[in-house]
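Shown here: query05.pdb, PDB, C-alpha atoms and all ligand atoms.
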```
ATOM      1  CA  MET A   1      45.329-118.517  56.794
ATOM      2  CA  LYS A   2      41.863-117.270  57.558
ATOM      3  CA  LEU A   3      39.464-116.664  54.673
ATOM      4  CA  ILE A   4      37.149-113.664  55.053
ATOM      5  CA  ASP A   5      33.664-114.563  53.854
ATOM      6  CA  GLY A   6      32.383-111.775  51.597
ATOM      7  CA  GLN A   7      29.010-113.508  51.222
ATOM      8  CA  VAL A   8      28.323-113.196  54.954
ATOM      9  CA  ILE A   9      29.236-109.490  54.932
ATOM     10  CA  ALA A  10      27.153-108.921  51.785
ATOM     11  CA  ALA A  11      24.148-110.644  53.401
ATOM     12  CA  ALA A  12      24.362-108.344  56.444
ATOM     13  CA  VAL A  13      24.588-105.230  54.218
ATOM     14  CA  SER A  14      21.763-106.478  51.970
ATOM     15  CA  SER A  15      19.432-107.126  54.863
ATOM     16  CA  ALA A  16      19.801-103.493  56.044
ATOM     17  CA  VAL A  17      19.331-102.307  52.438
ATOM     18  CA  THR A  18      16.138-104.361  52.050
ATOM     19  CA  GLU A  19      14.763-102.878  55.254
ATOM     20  CA  LYS A  20      15.590 -99.329  54.160
ATOM     21  CA  ALA A  21      14.093 -99.918  50.684
ATOM     22  CA  ALA A  22      10.853-101.172  52.293
ATOM     23  CA  SER A  23      10.611 -98.131  54.543
ATOM     24  CA  LEU A  24      11.214 -95.815  51.565
ATOM     25  CA  LYS A  25       8.451 -97.631  49.676
ATOM     26  CA  ASN A  26       6.115 -97.139  52.626
ATOM     27  CA  SER A  27       6.778 -93.421  52.411
ATOM     28  CA  GLY A  28       5.934 -93.443  48.685
ATOM     29  CA  VAL A  29       9.465 -93.627  47.191
ATOM     30  CA  THR A  30      10.518 -96.659  45.129
ATOM     31  CA  PRO A  31      14.327 -96.617  45.124
ATOM     32  CA  THR A  32      15.337 -96.880  41.477
ATOM     33  CA  LEU A  33      18.642 -97.659  39.788
ATOM     34  CA  SER A  34      19.200 -96.991  36.077
ATOM     35  CA  ILE A  35      22.064 -98.762  34.336
ATOM     36  CA  VAL A  36      23.253 -97.544  30.944
ATOM     37  CA  VAL A  37      24.893-100.438  29.092
ATOM     38  CA  PRO A  38      26.767 -99.273  25.981
ATOM     39  CA  THR A  39      28.357-102.686  25.342
ATOM     40  CA  ASP A  40      27.417-106.241  24.409
ATOM     41  CA  ASP A  41      30.380-107.627  26.378
ATOM     42  CA  GLU A  42      29.468-111.021  27.878
ATOM     43  CA  GLY A  43      31.060-110.420  31.313
ATOM     44  CA  SER A  44      29.354-107.065  31.563
ATOM     45  CA  ALA A  45      25.959-108.567  30.661
ATOM     46  CA  TRP A  46      26.443-111.209  33.364
ATOM     47  CA  TYR A  47      27.233-108.511  35.959
ATOM     48  CA  VAL A  48      24.234-106.385  34.970
ATOM     49  CA  ARG A  49      21.921-109.414  35.198
ATOM     50  CA  SER A  50      23.215-110.322  38.650
ATOM     51  CA  LEU A  51      22.885-106.698  39.799
ATOM     52  CA  ALA A  52      19.292-106.570  38.514
ATOM     53  CA  ARG A  53      18.489-109.807  40.383
ATOM     54  CA  ALA A  54      20.015-108.494  43.618
ATOM     55  CA  ALA A  55      18.155-105.183  43.218
ATOM     56  CA  LYS A  56      14.829-106.943  42.749
ATOM     57  CA  LYS A  57      15.450-109.086  45.823
ATOM     58  CA  ALA A  58      16.161-105.946  47.881
ATOM     59  CA  GLY A  59      13.031-104.143  46.636
ATOM     60  CA  ILE A  60      14.909-101.752  44.361
ATOM     61  CA  GLU A  61      13.658-101.100  40.842
ATOM     62  CA  CYS A  62      16.360-101.630  38.236
ATOM     63  CA  ARG A  63      16.015-100.150  34.740
ATOM     64  CA  ILE A  64      18.466-101.206  32.066
ATOM     65  CA  ASP A  65      19.200 -99.060  29.018
ATOM     66  CA  GLN A  66      20.889-101.380  26.503
ATOM     67  CA  MET A  67      22.744 -98.971  24.187
ATOM     68  CA  THR A  68      25.115-101.231  22.232
ATOM     69  CA  GLY A  69      26.898 -99.229  19.531
ATOM     70  CA  ALA A  70      25.938 -95.842  21.018
ATOM     71  CA  SER A  71      28.270 -92.892  20.445
ATOM     72  CA  ARG A  72      29.766 -90.824  23.263
ATOM     73  CA  ALA A  73      27.209 -88.066  22.578
ATOM     74  CA  GLU A  74      24.311 -90.530  22.750
ATOM     75  CA  ILE A  75      25.560 -92.010  26.045
ATOM     76  CA  GLU A  76      26.048 -88.531  27.535
ATOM     77  CA  SER A  77      22.644 -87.360  26.431
ATOM     78  CA  ARG A  78      20.994 -90.460  27.973
ATOM     79  CA  LEU A  79      22.869 -89.840  31.246
ATOM     80  CA  ASP A  80      21.686 -86.184  31.180
ATOM     81  CA  VAL A  81      18.074 -87.325  30.789
ATOM     82  CA  LEU A  82      18.382 -89.822  33.665
ATOM     83  CA  SER A  83      20.090 -87.228  35.884
ATOM     84  CA  ALA A  84      17.091 -84.949  35.390
ATOM     85  CA  ASP A  85      14.479 -87.708  35.902
ATOM     86  CA  PRO A  86      13.083 -87.460  39.457
ATOM     87  CA  SER A  87      11.967 -91.110  39.400
ATOM     88  CA  VAL A  88      15.618 -92.258  39.084
ATOM     89  CA  HIS A  89      17.777 -92.170  42.229
ATOM     90  CA  GLY A  90      20.960 -93.947  41.164
ATOM     91  CA  ILE A  91      22.734 -94.071  37.796
ATOM     92  CA  MET A  92      25.533 -96.327  36.586
ATOM     93  CA  CYS A  93      27.305 -96.465  33.259
ATOM     94  CA  GLN A  94      28.550 -99.975  32.616
ATOM     95  CA  THR A  95      32.016-100.606  31.171
ATOM     96  CA  PRO A  96      33.659-101.451  28.814
ATOM     97  CA  LEU A  97      32.840 -98.259  26.950
ATOM     98  CA  PRO A  98      33.096 -97.859  23.170
ATOM     99  CA  HIS A  99      36.639 -97.408  21.818
ATOM    100  CA  GLY A 100      37.987 -93.936  22.650
ATOM    101  CA  VAL A 101      35.291 -93.131  25.232
ATOM    102  CA  VAL A 102      36.548 -92.550  28.783
ATOM    103  CA  LEU A 103      34.437 -93.097  31.923
ATOM    104  CA  GLY A 104      35.721 -89.852  33.465
ATOM    105  CA  ASP A 105      34.219 -87.953  30.492
ATOM    106  CA  VAL A 106      30.796 -89.579  30.258
ATOM    107  CA  GLY A 107      30.687 -89.826  34.083
ATOM    108  CA  GLN A 108      30.475 -86.036  34.241
ATOM    109  CA  HIS A 109      26.950 -86.410  32.884
ATOM    110  CA  ILE A 110      25.833 -88.372  35.963
ATOM    111  CA  GLY A 111      24.463 -85.955  38.572
ATOM    112  CA  PRO A 112      26.658 -86.303  41.709
ATOM    113  CA  ARG A 113      23.606 -87.012  43.908
ATOM    114  CA  LYS A 114      22.811 -90.028  41.713
ATOM    115  CA  ASP A 115      26.414 -91.102  41.101
ATOM    116  CA  VAL A 116      26.088 -94.353  43.062
ATOM    117  CA  ASP A 117      29.256 -95.907  41.595
ATOM    118  CA  GLY A 118      31.413 -92.796  41.853
ATOM    119  CA  ALA A 119      31.942 -92.387  38.091
ATOM    120  CA  ASN A 120      31.774 -88.585  38.058
ATOM    121  CA  PRO A 121      35.254 -87.133  38.742
ATOM    122  CA  LEU A 122      33.506 -84.625  41.034
ATOM    123  CA  SER A 123      32.731 -87.518  43.387
ATOM    124  CA  LEU A 124      36.401 -88.500  43.611
ATOM    125  CA  GLY A 125      37.340 -84.838  44.104
ATOM    126  CA  ARG A 126      34.823 -84.494  46.930
ATOM    127  CA  LEU A 127      36.188 -87.660  48.531
ATOM    128  CA  ALA A 128      39.724 -86.241  48.288
ATOM    129  CA  ALA A 129      38.491 -82.987  49.855
ATOM    130  CA  GLY A 130      36.850 -84.847  52.744
ATOM    131  CA  LEU A 131      33.300 -83.980  51.613
ATOM    132  CA  ALA A 132      30.275 -86.304  51.440
ATOM    133  CA  ALA A 133      30.371 -88.231  48.167
ATOM    134  CA  PHE A 134      29.499 -91.543  46.635
ATOM    135  CA  VAL A 135      32.648 -93.578  46.104
ATOM    136  CA  PRO A 136      33.034 -96.457  43.657
ATOM    137  CA  ALA A 137      31.306 -99.451  45.248
ATOM    138  CA  THR A 138      34.400-101.655  44.935
ATOM    139  CA  ALA A 139      36.579 -99.246  46.912
ATOM    140  CA  ALA A 140      33.780 -98.862  49.456
ATOM    141  CA  ALA A 141      33.634-102.687  49.692
ATOM    142  CA  VAL A 142      37.310-102.840  50.675
ATOM    143  CA  LEU A 143      36.631-100.547  53.648
ATOM    144  CA  GLU A 144      33.353-102.281  54.546
ATOM    145  CA  ILE A 145      35.207-105.602  54.784
ATOM    146  CA  LEU A 146      37.967-104.124  56.950
ATOM    147  CA  HIS A 147      35.401-102.482  59.262
ATOM    148  CA  ARG A 148      33.277-105.605  59.591
ATOM    149  CA  GLU A 149      36.406-107.642  60.373
ATOM    150  CA  ASN A 150      37.320-105.071  63.054
ATOM    151  CA  VAL A 151      40.719-104.439  61.491
ATOM    152  CA  PRO A 152      42.343-101.478  63.270
ATOM    153  CA  LEU A 153      43.073 -98.808  60.651
ATOM    154  CA  ALA A 154      44.157 -95.709  62.586
ATOM    155  CA  GLY A 155      47.939 -95.638  62.403
ATOM    156  CA  ALA A 156      48.068 -98.952  60.509
ATOM    157  CA  ARG A 157      50.461 -99.365  57.605
ATOM    158  CA  ALA A 158      48.293 -99.885  54.511
ATOM    159  CA  VAL A 159      49.616-100.642  51.042
ATOM    160  CA  VAL A 160      47.362-100.401  47.985
ATOM    161  CA  VAL A 161      48.691-102.024  44.813
ATOM    162  CA  GLY A 162      47.013-100.307  41.841
ATOM    163  CA  ARG A 163      46.167 -96.645  41.314
ATOM    164  CA  SER A 164      43.124 -96.748  39.033
ATOM    165  CA  THR A 165      40.401 -94.141  39.431
ATOM    166  CA  VAL A 166      37.791 -96.817  40.130
ATOM    167  CA  VAL A 167      39.637 -98.885  42.724
ATOM    168  CA  GLY A 168      43.182 -98.011  43.822
ATOM    169  CA  LYS A 169      42.891 -94.229  44.276
ATOM    170  CA  PRO A 170      39.522 -94.164  46.074
ATOM    171  CA  ALA A 171      40.539 -97.128  48.281
ATOM    172  CA  ALA A 172      43.725 -95.253  49.239
ATOM    173  CA  LEU A 173      41.744 -92.071  50.012
ATOM    174  CA  LEU A 174      39.252 -94.017  52.143
ATOM    175  CA  LEU A 175      42.095 -95.651  54.091
ATOM    176  CA  LEU A 176      43.713 -92.244  54.582
ATOM    177  CA  ALA A 177      40.412 -90.895  55.902
ATOM    178  CA  GLU A 178      40.569 -93.722  58.467
ATOM    179  CA  HIS A 179      44.016 -92.436  59.527
ATOM    180  CA  ALA A 180      45.987 -95.317  58.036
ATOM    181  CA  THR A 181      49.491 -94.595  56.769
ATOM    182  CA  VAL A 182      48.963 -95.307  53.108
ATOM    183  CA  THR A 183      51.416 -96.267  50.365
ATOM    184  CA  VAL A 184      50.108 -96.582  46.802
ATOM    185  CA  CYS A 185      52.039 -98.882  44.435
ATOM    186  CA  HIS A 186      51.807 -99.142  40.651
ATOM    187  CA  SER A 187      53.665-100.492  37.636
ATOM    188  CA  ARG A 188      56.716 -98.270  38.256
ATOM    189  CA  THR A 189      57.069 -99.130  41.948
ATOM    190  CA  LYS A 190      60.518-100.471  42.826
ATOM    191  CA  ASP A 191      60.935-103.457  45.132
ATOM    192  CA  LEU A 192      57.194-104.114  45.196
ATOM    193  CA  ALA A 193      57.409-107.256  47.348
ATOM    194  CA  GLU A 194      59.470-105.424  49.965
ATOM    195  CA  VAL A 195      56.992-102.507  50.082
ATOM    196  CA  CYS A 196      54.043-104.921  50.349
ATOM    197  CA  ARG A 197      55.719-106.810  53.200
ATOM    198  CA  GLN A 198      55.519-103.613  55.286
ATOM    199  CA  ALA A 199      51.731-103.723  55.097
ATOM    200  CA  GLU A 200      49.429-104.592  57.955
ATOM    201  CA  VAL A 201      46.617-104.077  55.442
ATOM    202  CA  LEU A 202      47.375-105.020  51.831
ATOM    203  CA  VAL A 203      44.850-104.163  49.097
ATOM    204  CA  VAL A 204      45.601-105.653  45.686
ATOM    205  CA  ALA A 205      43.861-104.286  42.567
ATOM    206  CA  VAL A 206      46.076-105.035  39.585
ATOM    207  CA  GLY A 207      44.215-107.455  37.327
ATOM    208  CA  ARG A 208      46.834-110.222  37.065
ATOM    209  CA  PRO A 209      46.314-113.750  38.386
ATOM    210  CA  ALA A 210      48.742-114.850  41.120
ATOM    211  CA  PHE A 211      50.455-111.468  41.026
ATOM    212  CA  VAL A 212      50.861-111.355  44.798
ATOM    213  CA  GLY A 213      52.143-114.335  46.779
ATOM    214  CA  LYS A 214      54.011-115.365  49.896
ATOM    215  CA  ALA A 215      56.940-113.013  49.188
ATOM    216  CA  HIS A 216      54.615-109.982  49.416
ATOM    217  CA  VAL A 217      52.772-110.736  52.640
ATOM    218  CA  ALA A 218      53.930-110.295  56.240
ATOM    219  CA  PRO A 219      52.612-112.504  59.060
ATOM    220  CA  GLY A 220      49.489-110.982  60.585
ATOM    221  CA  ALA A 221      48.557-109.004  57.470
ATOM    222  CA  VAL A 222      44.988-108.628  56.242
ATOM    223  CA  VAL A 223      44.936-109.015  52.462
ATOM    224  CA  VAL A 224      42.012-107.741  50.373
ATOM    225  CA  ASP A 225      42.094-109.201  46.871
ATOM    226  CA  VAL A 226      40.128-106.972  44.489
ATOM    227  CA  GLY A 227      41.327-108.686  41.298
ATOM    228  CA  THR A 228      38.904-110.568  39.083
ATOM    229  CA  ASN A 229      40.589-112.534  36.319
ATOM    230  CA  SER A 230      39.162-115.250  34.078
ATOM    231  CA  THR A 231      41.401-118.245  33.490
ATOM    232  CA  SER A 232      41.572-120.152  30.197
ATOM    233  CA  ASP A 233      39.460-122.930  31.764
ATOM    234  CA  GLY A 234      36.717-120.457  32.654
ATOM    235  CA  ARG A 235      37.426-119.997  36.371
ATOM    236  CA  LEU A 236      37.389-116.666  38.190
ATOM    237  CA  VAL A 237      40.568-115.966  40.170
ATOM    238  CA  GLY A 238      41.925-112.960  42.033
ATOM    239  CA  ASP A 239      45.331-111.272  41.978
ATOM    240  CA  VAL A 240      46.566-113.165  45.032
ATOM    241  CA  ASP A 241      47.963-116.684  44.890
ATOM    242  CA  GLN A 242      45.803-118.060  47.685
ATOM    243  CA  SER A 243      47.576-121.400  47.912
ATOM    244  CA  SER A 244      50.953-119.744  48.603
ATOM    245  CA  LEU A 245      49.492-118.075  51.731
ATOM    246  CA  GLN A 246      47.932-121.286  53.055
ATOM    247  CA  ASP A 247      50.415-121.779  55.911
ATOM    248  CA  LEU A 248      50.812-118.123  56.887
ATOM    249  CA  PRO A 249      48.999-116.460  59.830
ATOM    250  CA  VAL A 250      47.173-113.988  57.565
ATOM    251  CA  SER A 251      43.581-113.130  56.592
ATOM    252  CA  LEU A 252      42.505-113.028  52.951
ATOM    253  CA  THR A 253      39.364-112.241  50.977
ATOM    254  CA  PRO A 254      38.931-115.089  48.461
ATOM    255  CA  VAL A 255      37.969-114.721  44.800
ATOM    256  CA  PRO A 256      35.196-115.489  44.145
ATOM    257  CA  GLY A 257      33.251-114.817  47.342
ATOM    258  CA  GLY A 258      35.189-111.862  48.755
ATOM    259  CA  VAL A 259      35.053-108.286  47.473
ATOM    260  CA  GLY A 260      32.608-109.056  44.619
ATOM    261  CA  PRO A 261      29.391-109.757  46.597
ATOM    262  CA  VAL A 262      30.128-106.895  49.014
ATOM    263  CA  THR A 263      30.524-104.541  46.038
ATOM    264  CA  THR A 264      27.062-105.453  44.727
ATOM    265  CA  ALA A 265      25.481-105.019  48.168
ATOM    266  CA  LEU A 266      27.140-101.621  48.637
ATOM    267  CA  LEU A 267      26.073-100.378  45.234
ATOM    268  CA  LEU A 268      22.480-101.085  46.260
ATOM    269  CA  ARG A 269      23.080 -99.402  49.629
ATOM    270  CA  HIS A 270      24.193 -96.316  47.694
ATOM    271  CA  VAL A 271      20.903 -96.419  45.735
ATOM    272  CA  VAL A 272      18.749 -96.389  48.890
ATOM    273  CA  GLU A 273      20.982 -93.646  50.318
ATOM    274  CA  ALA A 274      20.489 -91.618  47.147
ATOM    275  CA  ALA A 275      16.716 -92.170  47.380
ATOM    276  CA  ALA A 276      16.581 -91.022  51.010
ATOM    277  CA  PRO A 277      15.539 -87.368  51.213
ATOM    278  CA  SER A 278      17.951 -86.811  54.120
ATOM    279  CA  LEU A 279      20.917 -86.952  51.785
ATOM    280  CA  LYS A 280      20.455 -83.569  50.204
ATOM    281  CA  ASP A 281      23.910 -82.507  51.375
ATOM    282  CA  ARG A 282      25.634 -84.393  48.574
ATOM    283  CA  ALA A 283      26.895 -82.108  45.791
TER     284      ALA A 283
HETATM  285  N1  LIG B   1      35.532-107.131  42.605
HETATM  286  C1  LIG B   1      35.029-106.066  41.980
HETATM  287  O1  LIG B   1      33.902-105.670  42.209
HETATM  288  C2  LIG B   1      35.924-105.327  40.992
HETATM  289  C3  LIG B   1      35.551-104.065  40.528
HETATM  290  C4  LIG B   1      36.445-103.363  39.710
HETATM  291  C5  LIG B   1      37.625-103.974  39.322
HETATM  292  N2  LIG B   1      37.909-105.234  39.738
HETATM  293  C6  LIG B   1      39.150-105.920  39.354
HETATM  294  O2  LIG B   1      40.240-105.307  40.027
HETATM  295  C7  LIG B   1      41.407-105.402  39.218
HETATM  296  C8  LIG B   1      41.953-104.011  39.012
HETATM  297  O3  LIG B   1      40.984-103.244  38.325
HETATM  298  P1  LIG B   1      41.274-101.756  37.844
HETATM  299  O4  LIG B   1      40.101-101.301  37.110
HETATM  300  O5  LIG B   1      41.785-100.986  39.018
HETATM  301  O6  LIG B   1      42.493-102.069  36.807
HETATM  302  P2  LIG B   1      43.413-101.057  35.991
HETATM  303  O7  LIG B   1      42.704 -99.787  35.702
HETATM  304  O8  LIG B   1      43.973-101.860  34.872
HETATM  305  O9  LIG B   1      44.596-100.718  37.016
HETATM  306  C9  LIG B   1      45.539-101.689  37.356
HETATM  307  C10 LIG B   1      46.571-101.060  38.256
HETATM  308  O10 LIG B   1      47.559-102.055  38.514
HETATM  309  C11 LIG B   1      48.836-101.478  38.338
HETATM  310  N3  LIG B   1      49.828-102.450  37.895
HETATM  311  C12 LIG B   1      49.883-103.072  36.695
HETATM  312  N4  LIG B   1      50.988-103.844  36.620
HETATM  313  C13 LIG B   1      51.632-103.679  37.798
HETATM  314  C14 LIG B   1      52.851-104.176  38.325
HETATM  315  N5  LIG B   1      53.637-105.001  37.620
HETATM  316  N6  LIG B   1      53.222-103.801  39.564
HETATM  317  C15 LIG B   1      52.453-102.965  40.296
HETATM  318  N7  LIG B   1      51.283-102.441  39.844
HETATM  319  C16 LIG B   1      50.889-102.800  38.602
HETATM  320  C17 LIG B   1      48.664-100.407  37.280
HETATM  321  O11 LIG B   1      49.726 -99.476  37.397
HETATM  322  P3  LIG B   1      49.874 -98.191  36.425
HETATM  323  O12 LIG B   1      48.868 -97.200  36.910
HETATM  324  O13 LIG B   1      51.276 -97.762  36.619
HETATM  325  O14 LIG B   1      49.572 -98.686  35.040
HETATM  326  C18 LIG B   1      47.284 -99.853  37.632
HETATM  327  O15 LIG B   1      47.375 -98.801  38.555
HETATM  328  C19 LIG B   1      40.955-106.096  37.928
HETATM  329  O16 LIG B   1      41.186-107.479  38.053
HETATM  330  C20 LIG B   1      39.462-105.841  37.884
HETATM  331  O17 LIG B   1      38.770-106.835  37.156
HETATM  332  C21 LIG B   1      37.095-105.905  40.583
END
```

Any chance you could put this one into structure tokens?
Ligand SMILES: NC(=O)c1ccc[n+]([C@@H]2O[C@H](COP(=O)([O-])OP(=O)(O)OC[C@H]3O[C@@H](n4cnc5c(N)ncnc54)[C@H](OP(=O)(O)O)[C@@H]3O)[C@@H](O)[C@H]2O)c1
Amino acid sequence: MKLIDGQVIAAAVSSAVTEKAASLKNSGVTPTLSIVVPTDDEGSAWYVRSLARAAKKAGIECRIDQMTGASRAEIESRLDVLSADPSVHGIMCQTPLPHGVVLGDVGQHIGPRKDVDGANPLSLGRLAAGLAAFVPATAAAVLEILHRENVPLAGARAVVVGRSTVVGKPAALLLLAEHATVTVCHSRTKDLAEVCRQAEVLVVAVGRPAFVGKAHVAPGAVVVDVGTNSTSDGRLVGDVDQSSLQDLPVSLTPVPGGVGPVTTALLLRHVVEAAAPSLKDRA
């Protein structure tokens, strides 16, 4: 088994982002990301802190709106204000959201040109229609990894396990746009292992530790593990049982150190793209 190093890919993306941010600054634009945080969830706070650190390192200003306990109306009104603020180029709304509030609803209050994590359903619709759009950074990270690893996608059999709006669906659409033959699996899929074994590219985004193992993976497959699960002893593990693939001729993104760092780097790339005046063709 070959492990694909997400840190190396993230470093290459980040270095281009840092360069672009510096050139924007030279032309008088400070690329700026605003993150609305309507939760006091510990994992979420950790992610926001690490994003803010990475942004600072890349020369991107990061503003955090801590809105613990905010109502749906308050979150939407804050997102409206940020969408109209010319000094803000990218906007994210951090999850988990308050009980009963859905990202697809509040996401509609993020202007599509600033929707750097693809939370506005318009962005997903534009992606489905083949138009320029920001896609969720995690789904974009899956494709970035496959491209950087020179994995042939045109005509390849790709299987995506998971059909969420933030990962599975956009990843499937991006693979389709690369001319892969895409199968999307979910909780009602029959004979999951057999379907997965057909895959030359297998993307797993379920949210269950060790959900995918040897029985799901064909020799030669490239496996992208999107899952992030905390174990009872505080470790972070993916959805793929890495040890079961040890002796197979396959490639795998590890967790941690695979999709995660590339996701952060791509989110920041989206911010500099949103800050670049040449991108006026987005919705
Ligand atoms: N690395 C990153 O940057 C990053 C970012 C986002 C998410 N994640 C991680 O990625 C994982 C997935 O996230 P998500 O937001 O997409 O999760 P989600 O919204 O809970 O979706 C999980 C998907 O898995 C499917 N599923 C559940 N049980 C299944 C089964 N037995 N067989 C086949 N499919 C099954 C579900 O099917 P149904 O639709 O039928 O219910 C659903 O489509 C999580 O671990 C999350 O933490 C990582």

Run the PyMOL selection byres (((not hetatm)) within 9 of (chain B and resi 1)) mentally over the shown coordinates, then write out the matched residues as a PyMOL selection string, using the chain letters and numbers from the document.
chain A and resi 136-139+141+161-169+184-190+192+204-209+211+225-230+237-239+255-256+258-264

For this file, the PyMOL selection byres (((chain A and resi 213-220) around 7) and not hetatm) selects which residues, as a ChimeraX atom specification?
/A:193-194,196-198,200,210-212,221-222,240-241,244-245,248-250

Write the residues you've just listed into a file as a PDB file, keeping the file's coordinate frame, and include C-alpha atoms for each of them.
```pdb
ATOM      1  CA  ALA A 193      57.409-107.256  47.348  1.00  0.00           C
ATOM      2  CA  GLU A 194      59.470-105.424  49.965  1.00  0.00           C
ATOM      3  CA  CYS A 196      54.043-104.921  50.349  1.00  0.00           C
ATOM      4  CA  ARG A 197      55.719-106.810  53.200  1.00  0.00           C
ATOM      5  CA  GLN A 198      55.519-103.613  55.286  1.00  0.00           C
ATOM      6  CA  GLU A 200      49.429-104.592  57.955  1.00  0.00           C
ATOM      7  CA  ALA A 210      48.742-114.850  41.120  1.00  0.00           C
ATOM      8  CA  PHE A 211      50.455-111.468  41.026  1.00  0.00           C
ATOM      9  CA  VAL A 212      50.861-111.355  44.798  1.00  0.00           C
ATOM     10  CA  ALA A 221      48.557-109.004  57.470  1.00  0.00           C
ATOM     11  CA  VAL A 222      44.988-108.628  56.242  1.00  0.00           C
ATOM     12  CA  VAL A 240      46.566-113.165  45.032  1.00  0.00           C
ATOM     13  CA  ASP A 241      47.963-116.684  44.890  1.00  0.00           C
ATOM     14  CA  SER A 244      50.953-119.744  48.603  1.00  0.00           C
ATOM     15  CA  LEU A 245      49.492-118.075  51.731  1.00  0.00           C
ATOM     16  CA  LEU A 248      50.812-118.123  56.887  1.00  0.00           C
ATOM     17  CA  PRO A 249      48.999-116.460  59.830  1.00  0.00           C
ATOM     18  CA  VAL A 250      47.173-113.988  57.565  1.00  0.00           C
TER      19      VAL A 250
END
```

Can you pull out every residue within 12 Å of Ala12 in chain A, counting only C-alpha atoms, but drop anything in the same chain fewer than 5 positions away, and send it as JSON, numbers by chain?
{"A": [5, 6, 7, 17, 18, 19, 144, 145, 148, 261, 262, 265, 266, 269]}

Rounded to one decimal in Å, what is the spacing between CA of Ala171 in chain A and CA of Glu61 in chain A?
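For CA of Ala171 in chain A relative to CA of Glu61 in chain A, the distance reads 28.2 Å.
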
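The shortest atom-to-atom distance to Ala180 in chain A, with only C-alpha atoms taken into account, belongs to A:Leu153 out of A:Leu153, A:Leu143, A:Asp40, A:Val203.
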
For the structure shown, which residues end up in the PyMOL selection byres (((chain A and resi 89) around 10) and not hetatm)? Put them as a PyMOL selection string, please?
chain A and resi 29-34+61+82-88+90-91+111+113-116+270-276

Which is closest to Glu149 in chain A among A:Gly257, A:Val201, A:Cys62, A:Ser23, if we use all atoms listed in the file?
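Looking only at the distances to Glu149 in chain A, the closest residue turns out to be A:Val201.
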
Point-to-point distance from CA of His99 in chain A to CA of Tyr47 in chain A, Å rounded to tenths
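According to the coordinates, CA of His99 in chain A and CA of Tyr47 in chain A are separated by 20.3 Å.
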